[in-house]
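> What follows is a structure written as structure tokens; I'll ask about it next.
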Amino acid sequence: MSILPSADLESYADVLFWALGTSRAMPFKNGDLVLVRYDVPAVDLAEAVYARLIDAHLHPLCLSRPTPGMEACLCENGSFGQLTFERPGEVELFQKTAGVLNILAPADPGHLAHVDPRVVDQMRQGRLHAGQILERRRRAGLLGWTTCLHPTQALADAAGVDLEEYARLLARACYLNMADPVREWKRLREEVEDTGRWLDGLKATSYRLESASCDLTVEPGPHRRFVGVNGANIPGGELYIAPDGRSARGVFYADQPSLHMGHLVLGARLEFQNGIAVRAEAARGGQFLQQRLYADAGARRLGEFSLTDSRFSRVTRFMAHTLLDENLGGERGNCHIALGSAPLSSYSGPLEILTPEMEAEFGFNVSALHWDLVNTEPKAVTAALPGGAARVIYENGRFLR
């Protein structure tokens, strides 16, 4: 029996179909191929999405993701060749894919906590080539991409609530309890995009985040724009920008717990100089944090700077998954950074012309890592404007327009 009521499942499928189309630069056409990748506990939602795709005259291809036990077995017992194995036909499949819908339903968020992170990196390396195919199609506007979350007992336990309450909170965050959830998402998208245009129009040269534990300054770099509610994540109420990866200076503190690769990290504190995290510590998980900073050349730099207005998000508490936690609204909103790769959607020009050389010149950070760390303290964000003026753009959980 599904933890989500049938009405919520149907509404969720409607929202996800809208998000998939919104994330694609051009409309789907009859006969387009859409991959539905789902965790086994989310088969009910996958079925509801499948029905929407059939109704739209698309070709859904459903692929169940490995279970936690399968992944743990591969990481514990697999050879290097097995870890890095490239699945035959996957590249050809992805070259024909018009959309990818990911439904995450972790049955055990900590199943890789005992595995050396370098082994997990090797496993992911085997998927890199095929992933690059999808990324090229996204840049060309030929691929829609949406990721969502399905409630599980493991997530509820990690968040400290019962399963029914977790499902209710998730449904509320996705507007599933509203009469017309898709209309609500369209309305929110307009509001967030309007705020993003206002931020872009300020032409700020830097942003300074100040709270009880943070004092961090980042520079946006050239050819940047703020991005929000683009359909890539449901729910998603944040406005983010890819800062110049060479610019971060100061201190960022994550007061919200972070579950990453099965490891729980509490109280992460990072100090940046000239864009590089020169010091990192945590109340719990400090050794894992240090290890991740050595993942590759870009792991010590910032790829993302994000703000969530409390009016734009219906996520009100810690939910034990980054997809929800990075969108925490509550009373104070949040600011989060991401160590590692920069979201290229923040590039203000046509993505298809963005070369690796241009990415380096403009300061888009490159890394296999992308780890969001969230601060929920009361805060102010000040923009330095051309000509030397300064303006507070965010305070008490809200943008100040």
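How things are named: the first chain in the structure tokens is A, the next is B, and so on; residues count from 1 in each chain; ligands count from 1 in the order shown.
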Determine, using only C-alpha atoms, which residues of stretch 4-123 of chain A have any atom at most 10 Å from an atom of stretch 156-171 of chain A, and tabulate each with its shortest atom pair and distance in Å to one decimal place, rows ordered by chain and then rising number, as a Markdown table.


| residue | atom | partner | partner_atom | distance |
| --- | --- | --- | --- | --- |
| A:Leu4 | CA | A:Ala167 | CA | 6.6 |
| A:Pro5 | CA | A:Ala167 | CA | 9.4 |
| A:Asp8 | CA | A:Ala171 | CA | 7.1 |
| A:Leu9 | CA | A:Ala171 | CA | 9.4 |
| A:Ser11 | CA | A:Ala171 | CA | 9.4 |
| A:Tyr12 | CA | A:Ala171 | CA | 8.2 |
| A:Asp108 | CA | A:Ala158 | CA | 9.7 |
| A:Pro109 | CA | A:Ala158 | CA | 8.4 |
| A:Gly110 | CA | A:Ala158 | CA | 9.7 |

> Which residues are close to A:Gln82, i.e. within 12 Å by only C-alpha atoms, leaving aside same-chain residues fewer than 2 positions away? Reply as a PyMOL selection string.

chain A and resi 71+73-80+84-87+119+122-127

> For stretch 356-362 of chain A, please output as a ChimeraX atom specification all residues within 10 Å (counting only C-alpha atoms; exclusion window: fewer than 2 positions along the same chain).

/A:220-224,243-246,342,344,347,353-354,364-366

> As a JSON list (two decimals) with all heavy atoms, in the first residue's frame, please: the residues near A:Thr376 (cut-off 7 Å, only C-alpha atoms, same-chain neighbours under 5 positions excluded).


[["chain", "number", "residue", "atom", "x", "y", "z"],
["A", 255, "ASP", "N", 24.71, 25.17, 9.88],
["A", 255, "ASP", "CA", 24.08, 24.76, 11.13],
["A", 255, "ASP", "C", 23.08, 23.64, 10.92],
["A", 255, "ASP", "O", 22.65, 22.99, 11.87],
["A", 255, "ASP", "CB", 23.40, 25.95, 11.82],
["A", 255, "ASP", "CG", 22.23, 26.49, 11.02],
["A", 255, "ASP", "OD1", 22.36, 26.62, 9.79],
["A", 255, "ASP", "OD2", 21.19, 26.80, 11.63],
["A", 256, "GLN", "N", 22.68, 23.40, 9.67],
["A", 256, "GLN", "CA", 21.77, 22.30, 9.38],
["A", 256, "GLN", "C", 22.56, 21.01, 9.14],
["A", 256, "GLN", "O", 23.59, 21.03, 8.47],
["A", 256, "GLN", "CB", 20.94, 22.61, 8.14],
["A", 256, "GLN", "CG", 19.85, 21.58, 7.85],
["A", 256, "GLN", "CD", 19.13, 21.89, 6.55],
["A", 256, "GLN", "OE1", 19.65, 21.63, 5.47],
["A", 256, "GLN", "NE2", 17.94, 22.43, 6.65],
["A", 332, "ARG", "N", 12.96, 31.81, 8.62],
["A", 332, "ARG", "CA", 14.19, 32.57, 8.35],
["A", 332, "ARG", "C", 14.78, 32.29, 6.97],
["A", 332, "ARG", "O", 15.82, 32.83, 6.63],
["A", 332, "ARG", "CB", 15.23, 32.26, 9.43],
["A", 332, "ARG", "CG", 14.76, 32.56, 10.85],
["A", 332, "ARG", "CD", 15.89, 32.46, 11.83],
["A", 332, "ARG", "NE", 16.42, 31.13, 11.94],
["A", 332, "ARG", "CZ", 16.37, 30.36, 13.03],
["A", 332, "ARG", "NH1", 15.75, 30.83, 14.11],
["A", 332, "ARG", "NH2", 16.90, 29.17, 13.07],
["A", 333, "GLY", "N", 14.12, 31.44, 6.18],
["A", 333, "GLY", "CA", 14.71, 31.09, 4.90],
["A", 333, "GLY", "C", 16.05, 30.40, 5.10],
["A", 333, "GLY", "O", 16.35, 29.90, 6.18],
["A", 334, "ASN", "N", 16.87, 30.36, 4.07],
["A", 334, "ASN", "CA", 18.21, 29.79, 4.24],
["A", 334, "ASN", "C", 19.14, 30.31, 3.16],
["A", 334, "ASN", "O", 18.70, 30.80, 2.10],
["A", 334, "ASN", "CB", 18.15, 28.25, 4.23],
["A", 334, "ASN", "CG", 18.23, 27.64, 2.83],
["A", 334, "ASN", "OD1", 19.28, 27.60, 2.20],
["A", 334, "ASN", "ND2", 17.09, 27.16, 2.33],
["A", 335, "CYS", "N", 20.42, 30.18, 3.43],
["A", 335, "CYS", "CA", 21.45, 30.36, 2.42],
["A", 335, "CYS", "C", 22.24, 29.07, 2.37],
["A", 335, "CYS", "O", 22.57, 28.50, 3.41],
["A", 335, "CYS", "CB", 22.39, 31.52, 2.78],
["A", 335, "CYS", "SG", 23.83, 31.66, 1.68]]

> Can you measure atom CA of A:Leu112 to atom CA of A:Val43 for me? One decimal in Å is fine.

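About the pair atom CA of A:Leu112 and atom CA of A:Val43: they are 22.7 Å apart.
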
> In terms of the shortest atom-to-atom distance over only C-alpha atoms, which of A:Arg138, A:Arg249, A:His59, A:Arg189 is closest to A:Arg301?

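Between A:Arg138, A:Arg249, A:His59, A:Arg189, the residue approaching A:Arg301 most closely is A:Arg249.
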
> If you measure from atom CA of A:Ala25 to atom CA of A:Ser348, what distance in Å do you get, rounded to one decimal?

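So the two atoms, atom CA of A:Ala25 and atom CA of A:Ser348, lie 14.4 Å apart.
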
> As a PyMOL selection string, please: every residue in stretch 149-293 of chain A that DSSP puts in strand (DSSP E or B).

chain A and resi 149+206-211+215-218+224+227+233+238-241+249-254+258-260+263-266+268-273+276-281+284

> Skip A:Leu293 itself and residues of its chain fewer than 3 positions away, then list as a PyMOL selection string all residues within 12 Å of it, counting only C-alpha atoms.

chain A and resi 117-118+270+276-281+286-290+296-302+338-340+367-371

> Would you please extract all alpha helix (DSSP H) residues from stretch 183-308 of chain A, as assigned by DSSP on the backbone, and give them as a PDB file with N, CA and C atoms, in the first residue's frame?


ATOM      1  N   ARG A 183      -0.938  24.819 -11.176  1.00  0.00           N
ATOM      2  CA  ARG A 183      -1.158  26.272 -11.212  1.00  0.00           C
ATOM      3  C   ARG A 183      -0.329  26.967 -10.140  1.00  0.00           C
ATOM      4  N   GLU A 184      -0.216  26.355  -8.958  1.00  0.00           N
ATOM      5  CA  GLU A 184       0.592  26.947  -7.886  1.00  0.00           C
ATOM      6  C   GLU A 184       2.063  27.002  -8.279  1.00  0.00           C
ATOM      7  N   TRP A 185       2.556  25.948  -8.933  1.00  0.00           N
ATOM      8  CA  TRP A 185       3.956  25.946  -9.362  1.00  0.00           C
ATOM      9  C   TRP A 185       4.199  26.982 -10.453  1.00  0.00           C
ATOM     10  N   LYS A 186       3.246  27.170 -11.334  1.00  0.00           N
ATOM     11  CA  LYS A 186       3.389  28.205 -12.363  1.00  0.00           C
ATOM     12  C   LYS A 186       3.430  29.590 -11.722  1.00  0.00           C
ATOM     13  N   ARG A 187       2.563  29.812 -10.737  1.00  0.00           N
ATOM     14  CA  ARG A 187       2.557  31.092 -10.030  1.00  0.00           C
ATOM     15  C   ARG A 187       3.880  31.323  -9.320  1.00  0.00           C
ATOM     16  N   LEU A 188       4.362  30.309  -8.612  1.00  0.00           N
ATOM     17  CA  LEU A 188       5.627  30.443  -7.900  1.00  0.00           C
ATOM     18  C   LEU A 188       6.761  30.709  -8.881  1.00  0.00           C
ATOM     19  N   ARG A 189       6.747  30.032  -9.999  1.00  0.00           N
ATOM     20  CA  ARG A 189       7.815  30.234 -10.975  1.00  0.00           C
ATOM     21  C   ARG A 189       7.850  31.690 -11.433  1.00  0.00           C
ATOM     22  N   GLU A 190       6.717  32.276 -11.680  1.00  0.00           N
ATOM     23  CA  GLU A 190       6.675  33.674 -12.108  1.00  0.00           C
ATOM     24  C   GLU A 190       7.250  34.594 -11.035  1.00  0.00           C
ATOM     25  N   GLU A 191       6.889  34.353  -9.770  1.00  0.00           N
ATOM     26  CA  GLU A 191       7.381  35.191  -8.679  1.00  0.00           C
ATOM     27  C   GLU A 191       8.893  35.065  -8.522  1.00  0.00           C
ATOM     28  N   VAL A 192       9.393  33.835  -8.564  1.00  0.00           N
ATOM     29  CA  VAL A 192      10.828  33.615  -8.385  1.00  0.00           C
ATOM     30  C   VAL A 192      11.608  34.182  -9.567  1.00  0.00           C
ATOM     31  N   GLU A 193      11.124  33.965 -10.775  1.00  0.00           N
ATOM     32  CA  GLU A 193      11.813  34.504 -11.946  1.00  0.00           C
ATOM     33  C   GLU A 193      11.842  36.027 -11.914  1.00  0.00           C
ATOM     34  N   ASP A 194      10.764  36.644 -11.459  1.00  0.00           N
ATOM     35  CA  ASP A 194      10.722  38.105 -11.362  1.00  0.00           C
ATOM     36  C   ASP A 194      11.762  38.605 -10.367  1.00  0.00           C
ATOM     37  N   THR A 195      11.889  37.902  -9.247  1.00  0.00           N
ATOM     38  CA  THR A 195      12.915  38.269  -8.264  1.00  0.00           C
ATOM     39  C   THR A 195      14.310  38.072  -8.846  1.00  0.00           C
ATOM     40  N   GLY A 196      14.498  37.007  -9.598  1.00  0.00           N
ATOM     41  CA  GLY A 196      15.791  36.766 -10.235  1.00  0.00           C
ATOM     42  C   GLY A 196      16.158  37.869 -11.221  1.00  0.00           C
ATOM     43  N   ARG A 197      15.178  38.341 -11.980  1.00  0.00           N
ATOM     44  CA  ARG A 197      15.443  39.443 -12.910  1.00  0.00           C
ATOM     45  C   ARG A 197      15.834  40.712 -12.155  1.00  0.00           C
ATOM     46  N   TRP A 198      15.199  40.943 -11.020  1.00  0.00           N
ATOM     47  CA  TRP A 198      15.565  42.101 -10.197  1.00  0.00           C
ATOM     48  C   TRP A 198      17.004  41.984  -9.702  1.00  0.00           C
ATOM     49  N   LEU A 199      17.372  40.811  -9.230  1.00  0.00           N
ATOM     50  CA  LEU A 199      18.739  40.608  -8.755  1.00  0.00           C
ATOM     51  C   LEU A 199      19.740  40.794  -9.891  1.00  0.00           C
ATOM     52  N   ASP A 200      19.444  40.234 -11.049  1.00  0.00           N
ATOM     53  CA  ASP A 200      20.348  40.386 -12.187  1.00  0.00           C
ATOM     54  C   ASP A 200      20.500  41.854 -12.572  1.00  0.00           C
ATOM     55  N   GLY A 201      19.395  42.600 -12.466  1.00  0.00           N
ATOM     56  CA  GLY A 201      19.423  44.002 -12.852  1.00  0.00           C
ATOM     57  C   GLY A 201      20.279  44.871 -11.949  1.00  0.00           C
ATOM     58  N   LEU A 202      20.558  44.410 -10.734  1.00  0.00           N
ATOM     59  CA  LEU A 202      21.415  45.174  -9.831  1.00  0.00           C
ATOM     60  C   LEU A 202      22.867  45.188 -10.302  1.00  0.00           C
ATOM     61  N   GLY A 286      33.942  15.366  10.674  1.00  0.00           N
ATOM     62  CA  GLY A 286      35.030  16.221  10.224  1.00  0.00           C
ATOM     63  C   GLY A 286      36.032  15.505   9.329  1.00  0.00           C
ATOM     64  N   GLN A 287      36.338  14.258   9.653  1.00  0.00           N
ATOM     65  CA  GLN A 287      37.294  13.513   8.832  1.00  0.00           C
ATOM     66  C   GLN A 287      36.736  13.285   7.423  1.00  0.00           C
ATOM     67  N   PHE A 288      35.451  12.960   7.334  1.00  0.00           N
ATOM     68  CA  PHE A 288      34.821  12.768   6.034  1.00  0.00           C
ATOM     69  C   PHE A 288      34.822  14.076   5.246  1.00  0.00           C
ATOM     70  N   LEU A 289      34.539  15.177   5.915  1.00  0.00           N
ATOM     71  CA  LEU A 289      34.578  16.483   5.268  1.00  0.00           C
ATOM     72  C   LEU A 289      35.957  16.757   4.679  1.00  0.00           C
ATOM     73  N   GLN A 290      36.985  16.485   5.455  1.00  0.00           N
ATOM     74  CA  GLN A 290      38.347  16.689   4.969  1.00  0.00           C
ATOM     75  C   GLN A 290      38.636  15.820   3.749  1.00  0.00           C
ATOM     76  N   GLN A 291      38.198  14.573   3.795  1.00  0.00           N
ATOM     77  CA  GLN A 291      38.419  13.665   2.664  1.00  0.00           C
ATOM     78  C   GLN A 291      37.765  14.181   1.393  1.00  0.00           C
ATOM     79  N   ARG A 292      36.552  14.717   1.521  1.00  0.00           N
ATOM     80  CA  ARG A 292      35.835  15.203   0.347  1.00  0.00           C
ATOM     81  C   ARG A 292      36.525  16.403  -0.291  1.00  0.00           C
ATOM     82  N   LEU A 293      37.212  17.188   0.505  1.00  0.00           N
ATOM     83  CA  LEU A 293      37.915  18.347  -0.030  1.00  0.00           C
ATOM     84  C   LEU A 293      39.091  17.938  -0.912  1.00  0.00           C
TER      85      LEU A 293
END

> Work out how far apart atom CA of A:Val265 and atom CA of A:Ala283 are and give it in Å to one decimal.

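Straight-line distance from atom CA of A:Val265 to atom CA of A:Ala283 works out to 7.6 Å.
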
> From the list A:Asp44, A:Glu90, A:Asp215, A:Asp39, which residue is nearest A:Ile3 when using only C-alpha atoms?

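Of all the options, A:Asp44 lies closest to A:Ile3.
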
> Which residue is closest to A:Asp309? Choose from A:Asn274, A:Gly267, A:Arg401, A:Asn233 and count only C-alpha atoms.

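Under the stated criterion, the closest residue is A:Arg401.
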
> Find the residue from A:Ala390, A:Gly31, A:Leu373, A:Leu83 that sits nearest to A:Ala282; use only C-alpha atoms when measuring.

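Among the listed residues, A:Leu373 lies closest to A:Ala282.
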
> Could you give me, as a PDB file with N, CA, C and O atoms, in the first residue's frame, the residues within 9 Å of A:Arg208, counting only C-alpha atoms and dropping anything in the same chain fewer than 4 positions from it?


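Below is the file that was written, result14.pdb:
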ATOM      1  N   ASP A 215      30.498  34.859   7.723  1.00  0.00           N
ATOM      2  CA  ASP A 215      30.888  36.121   7.100  1.00  0.00           C
ATOM      3  C   ASP A 215      31.625  35.757   5.816  1.00  0.00           C
ATOM      4  O   ASP A 215      32.836  35.591   5.794  1.00  0.00           O
ATOM      5  N   LEU A 216      30.855  35.603   4.757  1.00  0.00           N
ATOM      6  CA  LEU A 216      31.379  35.070   3.497  1.00  0.00           C
ATOM      7  C   LEU A 216      31.067  36.035   2.366  1.00  0.00           C
ATOM      8  O   LEU A 216      29.931  36.521   2.242  1.00  0.00           O
ATOM      9  N   THR A 217      32.053  36.297   1.535  1.00  0.00           N
ATOM     10  CA  THR A 217      31.873  37.134   0.357  1.00  0.00           C
ATOM     11  C   THR A 217      32.195  36.334  -0.900  1.00  0.00           C
ATOM     12  O   THR A 217      33.212  35.627  -0.944  1.00  0.00           O
ATOM     13  N   VAL A 218      31.308  36.422  -1.877  1.00  0.00           N
ATOM     14  CA  VAL A 218      31.533  35.772  -3.171  1.00  0.00           C
ATOM     15  C   VAL A 218      31.279  36.790  -4.277  1.00  0.00           C
ATOM     16  O   VAL A 218      30.521  37.752  -4.101  1.00  0.00           O
ATOM     17  N   GLU A 219      31.902  36.562  -5.418  1.00  0.00           N
ATOM     18  CA  GLU A 219      31.689  37.403  -6.591  1.00  0.00           C
ATOM     19  C   GLU A 219      30.999  36.581  -7.671  1.00  0.00           C
ATOM     20  O   GLU A 219      31.340  35.407  -7.867  1.00  0.00           O
ATOM     21  N   ALA A 380      21.841  38.490   6.908  1.00  0.00           N
ATOM     22  CA  ALA A 380      21.684  39.563   5.936  1.00  0.00           C
ATOM     23  C   ALA A 380      22.662  39.310   4.807  1.00  0.00           C
ATOM     24  O   ALA A 380      23.774  38.838   5.023  1.00  0.00           O
ATOM     25  N   VAL A 381      22.240  39.632   3.594  1.00  0.00           N
ATOM     26  CA  VAL A 381      23.105  39.532   2.424  1.00  0.00           C
ATOM     27  C   VAL A 381      23.151  40.916   1.771  1.00  0.00           C
ATOM     28  O   VAL A 381      22.103  41.492   1.449  1.00  0.00           O
ATOM     29  N   THR A 382      24.353  41.425   1.614  1.00  0.00           N
ATOM     30  CA  THR A 382      24.560  42.766   1.058  1.00  0.00           C
ATOM     31  C   THR A 382      25.229  42.659  -0.301  1.00  0.00           C
ATOM     32  O   THR A 382      26.231  41.952  -0.445  1.00  0.00           O
ATOM     33  N   ALA A 383      24.682  43.368  -1.270  1.00  0.00           N
ATOM     34  CA  ALA A 383      25.257  43.388  -2.607  1.00  0.00           C
ATOM     35  C   ALA A 383      26.090  44.649  -2.781  1.00  0.00           C
ATOM     36  O   ALA A 383      25.632  45.756  -2.470  1.00  0.00           O
ATOM     37  N   ALA A 384      27.316  44.468  -3.268  1.00  0.00           N
ATOM     38  CA  ALA A 384      28.148  45.611  -3.659  1.00  0.00           C
ATOM     39  C   ALA A 384      27.785  45.977  -5.083  1.00  0.00           C
ATOM     40  O   ALA A 384      27.841  45.137  -5.989  1.00  0.00           O
TER      41      ALA A 384
END

> Applying 7 Å and only C-alpha atoms, which residues near A:Val227 remain after dropping the ones on its own chain fewer than 2 positions away? List them as an mmCIF file with C-alpha atoms, in the first residue's frame.


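In the end it all went to part.cif:
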data_model
loop_
_atom_site.group_PDB
_atom_site.id
_atom_site.type_symbol
_atom_site.label_atom_id
_atom_site.label_comp_id
_atom_site.auth_asym_id
_atom_site.auth_seq_id
_atom_site.Cartn_x
_atom_site.Cartn_y
_atom_site.Cartn_z
ATOM 1 C CA GLY A 196 15.791 36.766 -10.235
ATOM 2 C CA ARG A 225 22.221 35.045 -13.894
ATOM 3 C CA LEU A 239 17.359 31.329 -6.249
ATOM 4 C CA TYR A 240 20.949 30.367 -6.994
ATOM 5 C CA ILE A 241 23.930 31.653 -8.894
ATOM 6 C CA SER A 346 23.570 30.147 -14.263
#
